[in-house]
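Asks: One structure, as structure tokens, below. Some questions next.
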2 protein chains.
Amino acid sequence: MDIETMAGEAKRASLRISTASTDKKNTLLQTISSRIKKNSQKIAEENRKDVLLAEEMVAAGKLSKPLLERLKLSDAKIEQLSTYLEEVAALEDPVGKKQYAMKLAEGLDLERVTCPIGLIAIIFESRPEVVVQVTALSLKSGNGVILKGGTEAKNTNRVLFEIIDDVLNEFELQSTVNLVETREDVAELLKQDEFIDLIIPRGSNQFVKYIQDNSRIPVLGHSSGICHIYVDREQDKKTTIPVILDAKLDYPSACNALETLLVHEKVAEELLPDLIAELQNRGVECKGCTRTLDLAKSNQLDIKKAVELDWETEYTDLILSIKIVDTMEEAVDHINTFGSHHTDSIITVNHQAAEYFLTQVDSACVFHNSSTRFSDGYVFGLGAEVGISTNKTHSRGPVGLDGMIIYKYLLRGNGHLKGSFSGDQAMSFLHQVLPLD
Amino acid sequence: MDIETMAGEAKRASLRISTASTDKKNTLLQTISSRIKKNSQKIAEENRKDVLLAEEMVAAGKLSKPLLERLKLSDAKIEQLSTYLEEVAALEDPVGKKQYAMKLAEGLDLERVTCPIGLIAIIFESRPEVVVQVTALSLKSGNGVILKGGTEAKNTNRVLFEIIDDVLNEFELQSTVNLVETREDVAELLKQDEFIDLIIPRGSNQFVKYIQDNSRIPVLGHSSGICHIYVDREQDKKTTIPVILDAKLDYPSACNALETLLVHEKVAEELLPDLIAELQNRGVECKGCTRTLDLAKSNQLDIKKAVELDWETEYTDLILSIKIVDTMEEAVDHINTFGSHHTDSIITVNHQAAEYFLTQVDSACVFHNSSTRFSDGYVFGLGAEVGISTNKTHSRGPVGLDGMIIYKYLLRGNGHLKGSFSGDQAMSFLHQVLPLD
């Protein structure tokens with residue numbers, strides 16, 4: 001089947017799931033959950049095929065070791081997938097919620113009610129559990145979905161998809177979840193703006209930019225995560241250093257890892273020599289502005305010079321760029337100019353300063369005295385996430401079920417004419433807010 | 001100043017207005033309001049220049065008469081602009097509203113709070129009052145804005161902009177509202193995705209498509225309004241005919257005017273001959289499917305044949321295409337396939353049928369027993385609208401203040417590390433919902 005035909009059928013299927021009852025959607029998720037448990041051996045076998053191929057590629061230097069690790073589905077992980085589906089089934093149904101109700105005139109009542117977006121395409125890399133996670137969120141929110149996973153996970157993705165597809169067929173919801181497998185398919189997907197309502201790309205900076213540049217379909221996500229910590233003039237080193245180490249080292253390749261540290265000049269001398277020594281001990285390469293460089297040198301610490309490009313770079317590696325600033329305003333300006341509007345944190349014991357920073361920094365997530373690593377849908381209590389968005393429209397920050405929802409306006413009358421509300425004998429609109437239940 | 005420099009300055013200005021207090025924003029709007037009242041004679045004079053030029057163009061056949069009418073600012077209209085600013089000042093401030101609050105761990109509290117989108121570009125045609133309306137909505141919602149109005153209204157737009165700009169300077173909010181005047185400027189605007197967060201184009205189908213195809217910036221709006229009325233098998237002609245006439249004739253060039261009528265075969269014979277005769281009496285050209293054509297002929301009515309292209313056409317004129325369908329399912333399928341997902345209405349006395357239609361039709365606005373003409377931000381009680389959106393993300397349907405708003409996540413801790421929540425001694429997240437005030 002070509003991609004256009006598939007997308008057309010998926011769009012029609014998305015209209016069917018969009019009106020499925022909460023009970024039906026939950027039973028569907030529970031059935032997929034038990035089917036995954038039942039087929040865990042088969043899933044493990046297919047995953048083994050992918051892992052063997054990937055190990056050869058790692059040996060040949062064609063694949064990185066962390067990618068291989070993310071590919072592996074242990075028995076515990078397969079069990080977790082099954083549990084995850086149960087958890088999403090237990091979440092509140094985001095569809096059909098009344099957001100707004102108003103009597104416009106006698107007998108003419110308006111309401112705004114949540115509904116699914118429609119058909120969503122999600123493009124992701126290696127981790128095969130995303131197939132199940134995204135399916136769970138899409139079905140629960142009443143959306144159709146087209147999945148494109150990483151080639152390294154081909155066999156695992158396929159067996160997971162087949163289990164899901166079988167269950168959908170039993171529920172007469174065929175074509176609601178779809179799998180495409182090649183790069184050429186992705187290029188075709190980007191043209192299906194008639195059928196696909198939203199694309200969520202999860203991958204490298206360049207990959208997300210490619211998607212944004214090559215499709216008219218709205219794109220939800222982020223291209224880079226250049227996260228900052230700013231240490232203000234009133235800080236406590238015992239708090240500051242562990243937070244910076246956590247933000248840089250807890251998972252350096254994550255999008256919410258620290259990339260640039262900004263330090264108020266008043267505390268640079270007290271903080272930076274100890275901090276840089278500790279970072280270097282832990283294998284982090286430090287780069288600094290001229291003032292940081294001088295300070296390091298006078299403390300017998302050897303660091304590299306940061307150039308303008310460093311402020312705009314997401315290293316996703318054991319590298320940290322450091323800049324000394326004169327004022328908080330300079331720090332905020334630096335973040336708003338060079339950052340990627342993802343996650344930025346201030347460290348200070350002064351609450352007024354913290355509130356200024358929280359208000360002024362134009363990012364999806366702005367933190368006080370906390371590691372940037374907390375920027376995550378599960379951590380935020382959203383149940384799960386389809387991605388993290390730096391968009392300024394629709395969804396921003398970690399995106400859970402409510403990022404897969406939009407609304408429609410319903411108006412119920414009994415023969416009302418617009419013409420009655422203009423001219424000499426014009427009626428007036430009442431605009432009387434109605435209770436939501 | 002070139003457009004890139006202007007957009008950069010406007011972006012910085014948008015950060016300033018984004019944190020302005022409700023009082024300051026309201027005083028700002030009230031000051032602009034009184035300044036417009038004070039300068040009404042000057043505004044009228046500048047408008048007179050535009051009208052004189054436009055009258056010459058109408059005489060030369062280069063401009064349509066309705067466009068000329070929309071250009072005119074009577075004294076009453078200028079007075080209305082002043083009142084309008086007062087009304088927007090009186091609306092609730094949409095910024096800084098807590099949407100969600102959760103204790104993630106002891107001393108680690110998350111909240112989601114509304115904030116402005118940032119910098120919005122709005123491109124519109126002739127009507128100069130849009131300058132004031134859009135300025136009011138942008139400032140109230142804390143956004144910066146770049147306006148591009150119609151060339152025909154150049155002098156009026158400029159004088160209104162200068163009044164606004166003077167007041168902004170007095171409030172030290174210069175560059176928050178900006179005016180560009182040429183087509184070349186629009187082409188440059190579309191490239192400023194680094195600074196502009198949202199484009200709202202208001203104009204022809206082709207114009208909106210051009211914007212969508214030529215920018216990476218998210219676009220809010222609609223390209224066409226192919227609105228349907230479906231008359232189901234149980235209807236009352238005394239209700240049906242007036243609603244159809246209102247939807248077609250109240251304002252035929254509006255995007256929410258009726259373009260296609262679908263009629264259940266059970267009622268076609270009873271309804272269509274009288275309806276077509278009445279429509280033709282009022283100057284509406286009717287086009288029909290084969291069955292409609294036959295029915296018309298056997299009633300001595302002469303109508304044209306509708307071809308597939310008719311179902312996909314927004315006439316914005318005194319033309320109506322008519323199709324007889326076998327079932328409601330066929331009607332819904334026709335609307336979801338050929339419609340523009342703008343506004344569609346069912347006429348029936350059967351409430352169960354109505355609810356089916358309201359649920360199944362995938363449009364921004366779905367109505368029962370009401371004219372499609374009610375699809376409008378003022379009518380919907382949104383206070384005002386910046387446009388009507390057929391997007392499936394962010395805002396759908398008539399878009400008021402809340403379509404100019406997004407949110408950010410704020411997290412307040414006291415040195416919390418992500419690493420504390422994994423490993424052997426892992427802490428657990430509490431995810432305890434907190435009250436919103």
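Residue numbering restarts at 1 in every chain; chains get A, B, ... in the order shown in the structure tokens, and ligands count up from 1 in that same order.
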For A:Phe429, find every residue with an atom within 10 Å (counting only C-alpha atoms), except residues of its own chain fewer than 3 positions away, and show them as a PyMOL selection string.

Replies: (chain A and resi 103-106+108+421+426+432) or (chain B and resi 378-381)

Asks: Write out as a PyMOL selection string each polymer residue whose atoms come within 8 Å of A:Ile406, counting only C-alpha atoms; drop sequence neighbours fewer than 4 positions from it.

Replies: (chain A and resi 114-117) or (chain B and resi 392-396)

Asks: List as a PyMOL selection string the protein and nucleic acid residues near stretch 216-226 of chain A, meaning an atom at most 9 Å away when only C-alpha atoms are counted, but skip any in the same chain fewer than 5 places from it.

Replies: (chain A and resi 190-194+196-209+211+254-260+311-316+338-344+386-391+394-397+399) or (chain B and resi 212-213+216+218-219+392-393)

Asks: Write out as a list in words the set of residues from stretch 220-309 of chain A that DSSP, computed on the backbone, places in strand (DSSP E or B).

Replies: Cys227, His228, Ile229, Tyr230, Val231, Leu258, Glu259, Thr260, Leu261, Leu262, Val263, His264, Glu285, Cys286, Lys287, Gly288, Lys304 and Lys305 of chain A

Asks: Take the residues that were just selected and, keeping C-alpha atoms, output them as a PDB file, in the first residue's frame.

Replies:
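Saved as selection-v9.pdb:
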```pdb
ATOM      1  CA  CYS A 227      19.693  24.232  29.022  1.00  0.00           C
ATOM      2  CA  HIS A 228      21.217  26.759  31.413  1.00  0.00           C
ATOM      3  CA  ILE A 229      21.817  27.074  35.110  1.00  0.00           C
ATOM      4  CA  TYR A 230      22.342  30.592  36.410  1.00  0.00           C
ATOM      5  CA  VAL A 231      23.917  30.982  39.860  1.00  0.00           C
ATOM      6  CA  LEU A 258      22.965  21.233  31.400  1.00  0.00           C
ATOM      7  CA  GLU A 259      24.991  22.797  28.570  1.00  0.00           C
ATOM      8  CA  THR A 260      25.851  26.322  29.759  1.00  0.00           C
ATOM      9  CA  LEU A 261      26.505  27.613  33.279  1.00  0.00           C
ATOM     10  CA  LEU A 262      26.135  31.332  34.004  1.00  0.00           C
ATOM     11  CA  VAL A 263      27.636  32.658  37.243  1.00  0.00           C
ATOM     12  CA  HIS A 264      27.181  36.082  38.868  1.00  0.00           C
ATOM     13  CA  GLU A 285      35.629  19.203  29.831  1.00  0.00           C
ATOM     14  CA  CYS A 286      35.090  22.835  30.838  1.00  0.00           C
ATOM     15  CA  LYS A 287      35.140  25.790  28.454  1.00  0.00           C
ATOM     16  CA  GLY A 288      35.015  29.348  29.742  1.00  0.00           C
ATOM     17  CA  LYS A 304      39.538  25.795  27.120  1.00  0.00           C
ATOM     18  CA  LYS A 305      38.246  29.097  25.780  1.00  0.00           C
TER      19      LYS A 305
END
```

Asks: Tell me which of A:Arg112, A:Arg158, A:Lys49, A:Lys72 sits closest to chain B, counting only C-alpha atoms.

Replies: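 Using only C-alpha atoms, the shortest distance to chain B belongs to A:Arg112.
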
Asks: For chain A, which residues have at least one atom within 6 Å of chain B, if we go by only C-alpha atoms? Write them as a list in words, please.

Replies: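 Interface list for chain A against chain B: Ile117, Thr239, Val243, Asp246, Ala364, Cys365, Val366, Phe367, His368, Asn369, Ser370, Ser371, Arg373, Gly381, Lys392, Thr393, His394, Lys408, Tyr409, Leu410, Leu411, Arg412, Gly413, Asn414, Gly415, His416, Leu417, Lys418 and His431 of chain A.
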
Asks: Measuring between only C-alpha atoms, which one of A:Glu278, A:Asp376, A:Glu129, A:Asp294 shows the shortest distance to A:Leu73?

Replies: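 That would be A:Glu129, the residue with the smallest distance to A:Leu73.
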
Asks: Taking 6 positions as the minimum chain separation for residues in the same chain, which residues sit within 12 Å of B:Arg127 when counting only C-alpha atoms? Answer as a PDB file with C-alpha atoms, in the first residue's frame.

Replies:
```
ATOM      1  CA  ASN B  47      -9.480  58.149   6.036  1.00  0.00           C
ATOM      2  CA  ASP B  50      -7.872  56.727   1.329  1.00  0.00           C
ATOM      3  CA  VAL B  51     -11.554  56.834   0.380  1.00  0.00           C
ATOM      4  CA  PRO B  66     -17.753  46.301  -1.050  1.00  0.00           C
ATOM      5  CA  LEU B  67     -14.032  46.878  -0.440  1.00  0.00           C
ATOM      6  CA  LEU B  68     -14.619  50.610  -0.653  1.00  0.00           C
ATOM      7  CA  GLU B  69     -17.449  50.319   1.874  1.00  0.00           C
ATOM      8  CA  ARG B  70     -15.238  48.416   4.328  1.00  0.00           C
ATOM      9  CA  LEU B  71     -12.588  51.111   4.028  1.00  0.00           C
ATOM     10  CA  LYS B  72     -14.842  53.938   5.282  1.00  0.00           C
ATOM     11  CA  LEU B  73     -14.495  55.038   8.903  1.00  0.00           C
ATOM     12  CA  LYS B  77     -17.084  53.846  13.737  1.00  0.00           C
ATOM     13  CA  GLN B 133      -8.826  45.704  17.381  1.00  0.00           C
ATOM     14  CA  VAL B 134      -5.691  43.603  16.988  1.00  0.00           C
ATOM     15  CA  LYS B 148       0.391  44.651   7.840  1.00  0.00           C
ATOM     16  CA  GLY B 149      -2.817  46.226   6.574  1.00  0.00           C
ATOM     17  CA  GLY B 150      -4.273  46.699   3.117  1.00  0.00           C
ATOM     18  CA  THR B 151      -2.627  49.245   0.827  1.00  0.00           C
ATOM     19  CA  GLU B 152      -6.009  50.920   0.197  1.00  0.00           C
ATOM     20  CA  ALA B 153      -6.150  51.884   3.891  1.00  0.00           C
ATOM     21  CA  LYS B 154      -2.566  53.151   4.047  1.00  0.00           C
ATOM     22  CA  THR B 156      -5.836  55.531   7.919  1.00  0.00           C
ATOM     23  CA  ASN B 157      -3.669  52.657   9.164  1.00  0.00           C
ATOM     24  CA  ARG B 202      -6.705  37.202   7.114  1.00  0.00           C
ATOM     25  CA  GLY B 203      -7.478  37.267   3.445  1.00  0.00           C
TER      26      GLY B 203
END
```

Asks: Within stretch 98-279 of chain A, find each residue whose DSSP state, derived from the backbone, is alpha helix (DSSP H), and express the selection as an NGL selection string.

Replies: :A and (129-140 or 154-170 or 183-189 or 205-213 or 237-249 or 265-279)

Asks: Atom CA of A:Leu189 to atom CA of A:Thr5: how many Å, to one decimal?

Replies: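 Computing the Euclidean distance for atom CA of A:Leu189 and atom CA of A:Thr5 yields 10.8 Å.
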
Asks: What is the atom CA of A:Leu434-atom CA of A:Lys97 distance in Å, reported with one decimal?

Replies: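 Those two atoms sit 14.5 Å apart.
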
Asks: Just checking: using only C-alpha atoms, which residue out of A:Met57, A:Leu401, A:Ala268, A:Leu168 ends up closest to A:Asp93?

Replies: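 Distance minimum relative to A:Asp93 lands on A:Leu401.
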
Asks: Any idea what the distance is between atom CA of B:Asn281 and atom CA of B:Leu318?

Replies: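 The value is 11.6 Å.
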